[in-house]
Every structure is written in structure tokens, then in C-alpha cells.
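Student: Below is the structure I would like to discuss, written out as C-alpha cells.
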Amino acid sequence: YQMTISMLKTPTILKVGGNLQFGLSYFNPLPSKMEPIIEKFGSDFEVTMAENPQMAVVLRSTDIMNINVSNTMLSTLYGMTMSLNQDYQREMKELEEQKQQESKVKKSVTNLMQEVAEEEEVEDLIDYVSPYTIFNDTGYTV
């Protein structure tokens, strides 16, 4: 697309206008070239805003909008849609697997924390006896 804009501002009115050139093409793999879906056309636009909250939008075009539809274009668009859909489904599946993995990790961390807490409780119940005894024979207080 191509756009030109002009603006006029007075104390009571803001007027913006311009020309918009627009076209849309796709890649046709058979002849290996870009072909138009919407052939280039132009339209003039004008947006007027008054002091009160009213807006007027005017679109004018003397060009005819030509839309080209072909079997190749439809099959290319269909193939692109199917490819995008497969990518979307794959992404959603990977996201779901990631969520499941995160859930498993959270569960295993929770289980590990419970096991550690249980081991600490058991350790608190055990009376440790050292197999060695240390005596201070130096004569100094330690």
C-alpha cells in the first residue's frame, strides 16, 4: 500500500485527508511469481472532526477494485491455512506437554519436600550416641 496524508486544523475543525493506494498479491508456485489477488487501486479519504464529538468519514474511489480468484490461488491459500493449522496444533500440543511436565515436576518437588520433612521428624526421634569420647587433659578450659 501507499498513502499520502494532508491535514488542516482550525480552532473548531480538524480535517485529515489523503490518498491510499492498495493492492494484495500472493506467490503462485507454478510459474514462480507473484500474482495479484486485489489489483492495485486508489481511494481518497477525508476525516473531519468538529468541536462537538462528531466525526465524518468520506471514502471516494474512481478506480474499480478487481479481485482475481483462481484455482491455484485457492489451493495455495488452502495449503497455507492447513500448514498454519498444523503449526498451531503442534504448538498447542507442545504447550500441553510442557504444562504436564511442569505439573509432574511440582508433584515430585512436593513429594520430595514431604519425604525430607518426614526424615527430619524421624531424625528428631533418634538419640545419637557417639562411639568416641573426648577428654580435655590440657588443664585449660575449653
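As shown in the C-alpha cells, the chain order sets the letters A, B, ...; within each chain, residues go from 1, and ligands are also counted from 1 in the order they appear.
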At a cut-off of 8 Å, using only C-alpha atoms, what residues contact stretch 21-28 of chain A? Leave out same-chain residues fewer than 5 positions from it and give the result as a list in words.
Tutor: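 The residues that qualify are Tyr1, Gln2, Met3, Lys33, Met34, Glu35, Pro36, Ile37, Ile38, Glu39, Lys40, Phe41, Gly42, Ser43, Thr72, Met73 and Thr76 of chain A.
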Student: Filtering to C-alpha atoms, could you give me those residues as a CSV table (one decimal), in the first residue's frame?
Tutor:
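As written to disk, selection23.csv reads:
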chain,number,residue,atom,x,y,z
A,1,TYR,CA,0.0,0.0,0.0
A,2,GLN,CA,1.0,3.6,-0.4
A,3,MET,CA,-0.5,6.5,1.5
A,33,LYS,CA,5.9,-15.4,-9.5
A,34,MET,CA,3.7,-13.1,-7.5
A,35,GLU,CA,0.2,-12.7,-8.8
A,36,PRO,CA,-2.4,-10.2,-7.7
A,37,ILE,CA,-5.4,-11.1,-5.6
A,38,ILE,CA,-6.6,-7.5,-5.4
A,39,GLU,CA,-5.2,-5.4,-8.2
A,40,LYS,CA,-3.8,-2.0,-7.2
A,41,PHE,CA,-6.4,0.6,-6.8
A,42,GLY,CA,-6.7,4.0,-5.2
A,43,SER,CA,-9.1,5.7,-3.0
A,72,THR,CA,-4.2,-22.1,-8.0
A,73,MET,CA,-4.8,-19.2,-5.6
A,76,THR,CA,-2.3,-22.2,-2.3
Student: Can you tell me which residues surround stretch 57-64 of chain A at a distance of at most 10 Å, considering only C-alpha atoms, apart from same-chain residues fewer than 3 positions away, and format the answer as a PyMOL selection string?
Tutor: chain A and resi 15-20+39-49+67
Student: For the selection just defined, write its residues with C-alpha atoms to a file, as a PDB file, in the first residue's frame.
Tutor:
ATOM      1  CA  LYS A  15      -9.646  17.800   8.776  1.00  0.00           C
ATOM      2  CA  VAL A  16      -7.348  14.967   7.680  1.00  0.00           C
ATOM      3  CA  GLY A  17      -7.358  13.715   4.117  1.00  0.00           C
ATOM      4  CA  GLY A  18      -5.268  11.695   1.795  1.00  0.00           C
ATOM      5  CA  ASN A  19      -4.943   9.081  -0.868  1.00  0.00           C
ATOM      6  CA  LEU A  20      -4.485   5.379  -0.250  1.00  0.00           C
ATOM      7  CA  GLU A  39      -5.175  -5.396  -8.220  1.00  0.00           C
ATOM      8  CA  LYS A  40      -3.777  -2.027  -7.233  1.00  0.00           C
ATOM      9  CA  PHE A  41      -6.444   0.635  -6.844  1.00  0.00           C
ATOM     10  CA  GLY A  42      -6.663   4.034  -5.214  1.00  0.00           C
ATOM     11  CA  SER A  43      -9.141   5.750  -2.976  1.00  0.00           C
ATOM     12  CA  ASP A  44      -9.313   9.207  -1.452  1.00  0.00           C
ATOM     13  CA  PHE A  45     -10.335   9.610   2.150  1.00  0.00           C
ATOM     14  CA  GLU A  46     -11.276  12.538   4.313  1.00  0.00           C
ATOM     15  CA  VAL A  47     -11.893  12.535   8.070  1.00  0.00           C
ATOM     16  CA  THR A  48     -13.447  15.639   9.607  1.00  0.00           C
ATOM     17  CA  MET A  49     -13.779  16.143  13.345  1.00  0.00           C
ATOM     18  CA  ILE A  67     -10.398  -9.211  -7.322  1.00  0.00           C
TER      19      ILE A  67
END
Student: Looking at A:Ser6, A:Lys99, A:Pro29, A:Glu119, which one is nearest to A:Gly79, with distances taken over only C-alpha atoms?
Tutor: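 Closest residue, counting only C-alpha atoms: A:Pro29.
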Student: For a quick check of understanding, using only C-alpha atoms, which of A:Thr138, A:Leu112, A:Glu96, A:Pro11 has the smallest distance to A:Asn52?
Tutor: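 The closest residue to A:Asn52 is A:Pro11.
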Student: Can you tell me, as a ChimeraX atom specification, which residues in stretch 44-118 of chain A count as helix (DSSP H, G or I) by DSSP?
Tutor: /A:71-118
Student: Those same residues, written as a short mmCIF file (atom, residue, chain, number, x, y, z; two decimals), in the first residue's frame with N, CA and C atoms?
Tutor:
data_model
loop_
_atom_site.label_atom_id
_atom_site.label_comp_id
_atom_site.auth_asym_id
_atom_site.auth_seq_id
_atom_site.Cartn_x
_atom_site.Cartn_y
_atom_site.Cartn_z
N ASN A 71 -8.05 -21.12 -9.33
CA ASN A 71 -7.93 -22.42 -8.67
C ASN A 71 -6.59 -22.53 -7.95
N THR A 72 -5.53 -22.05 -8.58
CA THR A 72 -4.20 -22.10 -7.97
C THR A 72 -4.15 -21.25 -6.70
N MET A 73 -4.77 -20.07 -6.75
CA MET A 73 -4.78 -19.20 -5.57
C MET A 73 -5.53 -19.88 -4.43
N LEU A 74 -6.69 -20.45 -4.73
CA LEU A 74 -7.47 -21.12 -3.68
C LEU A 74 -6.71 -22.31 -3.09
N SER A 75 -6.06 -23.10 -3.94
CA SER A 75 -5.32 -24.26 -3.41
C SER A 75 -4.10 -23.80 -2.61
N THR A 76 -3.44 -22.71 -3.04
CA THR A 76 -2.31 -22.17 -2.29
C THR A 76 -2.77 -21.65 -0.93
N LEU A 77 -3.87 -20.90 -0.90
CA LEU A 77 -4.40 -20.39 0.36
C LEU A 77 -4.86 -21.53 1.26
N TYR A 78 -5.46 -22.56 0.67
CA TYR A 78 -5.90 -23.71 1.46
C TYR A 78 -4.69 -24.44 2.06
N GLY A 79 -3.65 -24.63 1.26
CA GLY A 79 -2.43 -25.28 1.76
C GLY A 79 -1.78 -24.46 2.87
N MET A 80 -1.76 -23.14 2.69
CA MET A 80 -1.19 -22.27 3.72
C MET A 80 -2.02 -22.36 5.00
N THR A 81 -3.34 -22.36 4.87
CA THR A 81 -4.22 -22.47 6.03
C THR A 81 -4.00 -23.79 6.75
N MET A 82 -3.89 -24.88 6.02
CA MET A 82 -3.67 -26.19 6.63
C MET A 82 -2.30 -26.22 7.34
N SER A 83 -1.31 -25.63 6.71
CA SER A 83 0.03 -25.60 7.31
C SER A 83 0.02 -24.79 8.61
N LEU A 84 -0.64 -23.63 8.58
CA LEU A 84 -0.74 -22.82 9.79
C LEU A 84 -1.52 -23.55 10.88
N ASN A 85 -2.57 -24.26 10.49
CA ASN A 85 -3.37 -25.02 11.45
C ASN A 85 -2.52 -26.13 12.08
N GLN A 86 -1.72 -26.83 11.28
CA GLN A 86 -0.85 -27.88 11.81
C GLN A 86 0.18 -27.29 12.78
N ASP A 87 0.74 -26.14 12.41
CA ASP A 87 1.70 -25.48 13.31
C ASP A 87 1.02 -25.09 14.62
N TYR A 88 -0.19 -24.57 14.51
CA TYR A 88 -0.94 -24.18 15.72
C TYR A 88 -1.22 -25.40 16.59
N GLN A 89 -1.67 -26.50 15.97
CA GLN A 89 -1.97 -27.71 16.74
C GLN A 89 -0.70 -28.25 17.41
N ARG A 90 0.42 -28.22 16.69
CA ARG A 90 1.68 -28.70 17.25
C ARG A 90 2.10 -27.83 18.44
N GLU A 91 1.98 -26.52 18.28
CA GLU A 91 2.32 -25.60 19.37
C GLU A 91 1.43 -25.86 20.59
N MET A 92 0.14 -26.08 20.35
CA MET A 92 -0.78 -26.33 21.47
C MET A 92 -0.43 -27.65 22.16
N LYS A 93 -0.06 -28.67 21.38
CA LYS A 93 0.32 -29.96 21.95
C LYS A 93 1.59 -29.82 22.79
N GLU A 94 2.58 -29.09 22.26
CA GLU A 94 3.83 -28.87 22.99
C GLU A 94 3.57 -28.10 24.28
N LEU A 95 2.68 -27.10 24.21
CA LEU A 95 2.33 -26.34 25.40
C LEU A 95 1.68 -27.24 26.45
N GLU A 96 0.77 -28.12 26.01
CA GLU A 96 0.10 -29.04 26.92
C GLU A 96 1.11 -30.00 27.56
N GLU A 97 2.03 -30.52 26.74
CA GLU A 97 3.06 -31.42 27.27
C GLU A 97 3.95 -30.69 28.27
N GLN A 98 4.27 -29.44 27.98
CA GLN A 98 5.10 -28.64 28.89
C GLN A 98 4.36 -28.43 30.22
N LYS A 99 3.06 -28.15 30.15
CA LYS A 99 2.27 -27.97 31.37
C LYS A 99 2.23 -29.27 32.17
N GLN A 100 2.07 -30.40 31.48
CA GLN A 100 2.05 -31.68 32.17
C GLN A 100 3.40 -31.95 32.83
N GLN A 101 4.49 -31.64 32.12
CA GLN A 101 5.84 -31.83 32.67
C GLN A 101 6.04 -30.95 33.90
N GLU A 102 5.60 -29.70 33.81
CA GLU A 102 5.72 -28.80 34.96
C GLU A 102 4.91 -29.32 36.13
N SER A 103 3.74 -29.86 35.84
CA SER A 103 2.90 -30.42 36.90
C SER A 103 3.59 -31.61 37.56
N LYS A 104 4.23 -32.46 36.75
CA LYS A 104 4.95 -33.61 37.30
C LYS A 104 6.11 -33.13 38.17
N VAL A 105 6.83 -32.11 37.71
CA VAL A 105 7.95 -31.58 38.48
C VAL A 105 7.45 -31.02 39.80
N LYS A 106 6.34 -30.27 39.77
CA LYS A 106 5.80 -29.71 41.00
C LYS A 106 5.40 -30.82 41.97
N LYS A 107 4.77 -31.88 41.42
CA LYS A 107 4.37 -33.00 42.28
C LYS A 107 5.60 -33.68 42.87
N SER A 108 6.65 -33.89 42.05
CA SER A 108 7.83 -34.58 42.57
C SER A 108 8.55 -33.71 43.60
N VAL A 109 8.57 -32.40 43.40
CA VAL A 109 9.19 -31.50 44.38
C VAL A 109 8.39 -31.53 45.68
N THR A 110 7.07 -31.52 45.55
CA THR A 110 6.22 -31.59 46.74
C THR A 110 6.44 -32.90 47.48
N ASN A 111 6.49 -34.01 46.74
CA ASN A 111 6.74 -35.31 47.36
C ASN A 111 8.12 -35.35 48.03
N LEU A 112 9.12 -34.79 47.38
CA LEU A 112 10.47 -34.75 47.93
C LEU A 112 10.50 -33.94 49.22
N MET A 113 9.80 -32.80 49.20
CA MET A 113 9.76 -31.96 50.40
C MET A 113 9.06 -32.70 51.55
N GLN A 114 8.01 -33.45 51.24
CA GLN A 114 7.32 -34.24 52.27
C GLN A 114 8.25 -35.32 52.82
N GLU A 115 8.98 -35.98 51.93
CA GLU A 115 9.91 -37.02 52.38
C GLU A 115 11.00 -36.44 53.28
N VAL A 116 11.54 -35.28 52.91
CA VAL A 116 12.57 -34.63 53.71
C VAL A 116 12.00 -34.26 55.08
N ALA A 117 10.77 -33.73 55.09
CA ALA A 117 10.15 -33.36 56.36
C ALA A 117 9.94 -34.60 57.23
N GLU A 118 9.52 -35.71 56.62
CA GLU A 118 9.33 -36.95 57.38
C GLU A 118 10.67 -37.46 57.92
#
Student: Which residues in stretch 25-122 of chain A does DSSP call strand (DSSP E)? List them as a VMD selection string.
Tutor: chain A and resid 25 to 28 33 to 50 55 to 60
Student: Mind writing the picked residues with C-alpha atoms as a PDB file, in the first residue's frame?
Tutor:
ATOM      1  CA  SER A  25      -0.649 -10.361  -4.129  1.00  0.00           C
ATOM      2  CA  TYR A  26       0.254 -13.986  -3.437  1.00  0.00           C
ATOM      3  CA  PHE A  27       3.074 -16.228  -4.633  1.00  0.00           C
ATOM      4  CA  ASN A  28       1.963 -18.647  -7.326  1.00  0.00           C
ATOM      5  CA  LYS A  33       5.938 -15.414  -9.499  1.00  0.00           C
ATOM      6  CA  MET A  34       3.739 -13.064  -7.523  1.00  0.00           C
ATOM      7  CA  GLU A  35       0.197 -12.687  -8.829  1.00  0.00           C
ATOM      8  CA  PRO A  36      -2.388 -10.151  -7.671  1.00  0.00           C
ATOM      9  CA  ILE A  37      -5.428 -11.122  -5.600  1.00  0.00           C
ATOM     10  CA  ILE A  38      -6.589  -7.498  -5.423  1.00  0.00           C
ATOM     11  CA  GLU A  39      -5.175  -5.396  -8.220  1.00  0.00           C
ATOM     12  CA  LYS A  40      -3.777  -2.027  -7.233  1.00  0.00           C
ATOM     13  CA  PHE A  41      -6.444   0.635  -6.844  1.00  0.00           C
ATOM     14  CA  GLY A  42      -6.663   4.034  -5.214  1.00  0.00           C
ATOM     15  CA  SER A  43      -9.141   5.750  -2.976  1.00  0.00           C
ATOM     16  CA  ASP A  44      -9.313   9.207  -1.452  1.00  0.00           C
ATOM     17  CA  PHE A  45     -10.335   9.610   2.150  1.00  0.00           C
ATOM     18  CA  GLU A  46     -11.276  12.538   4.313  1.00  0.00           C
ATOM     19  CA  VAL A  47     -11.893  12.535   8.070  1.00  0.00           C
ATOM     20  CA  THR A  48     -13.447  15.639   9.607  1.00  0.00           C
ATOM     21  CA  MET A  49     -13.779  16.143  13.345  1.00  0.00           C
ATOM     22  CA  ALA A  50     -15.747  19.091  14.662  1.00  0.00           C
ATOM     23  CA  MET A  55     -16.808  12.715  13.073  1.00  0.00           C
ATOM     24  CA  ALA A  56     -17.391  12.439   9.350  1.00  0.00           C
ATOM     25  CA  VAL A  57     -15.502   9.924   7.253  1.00  0.00           C
ATOM     26  CA  VAL A  58     -15.664  10.108   3.470  1.00  0.00           C
ATOM     27  CA  LEU A  59     -14.151   7.468   1.164  1.00  0.00           C
ATOM     28  CA  ARG A  60     -14.094   8.064  -2.583  1.00  0.00           C
TER      29      ARG A  60
END
Student: Looking at only C-alpha atoms, which of A:Leu30, A:Met7, A:Ile134, A:Ile13 is the one that sits closest to A:Gln54?
Tutor: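 Closest to A:Gln54, using only C-alpha atoms: A:Ile13.
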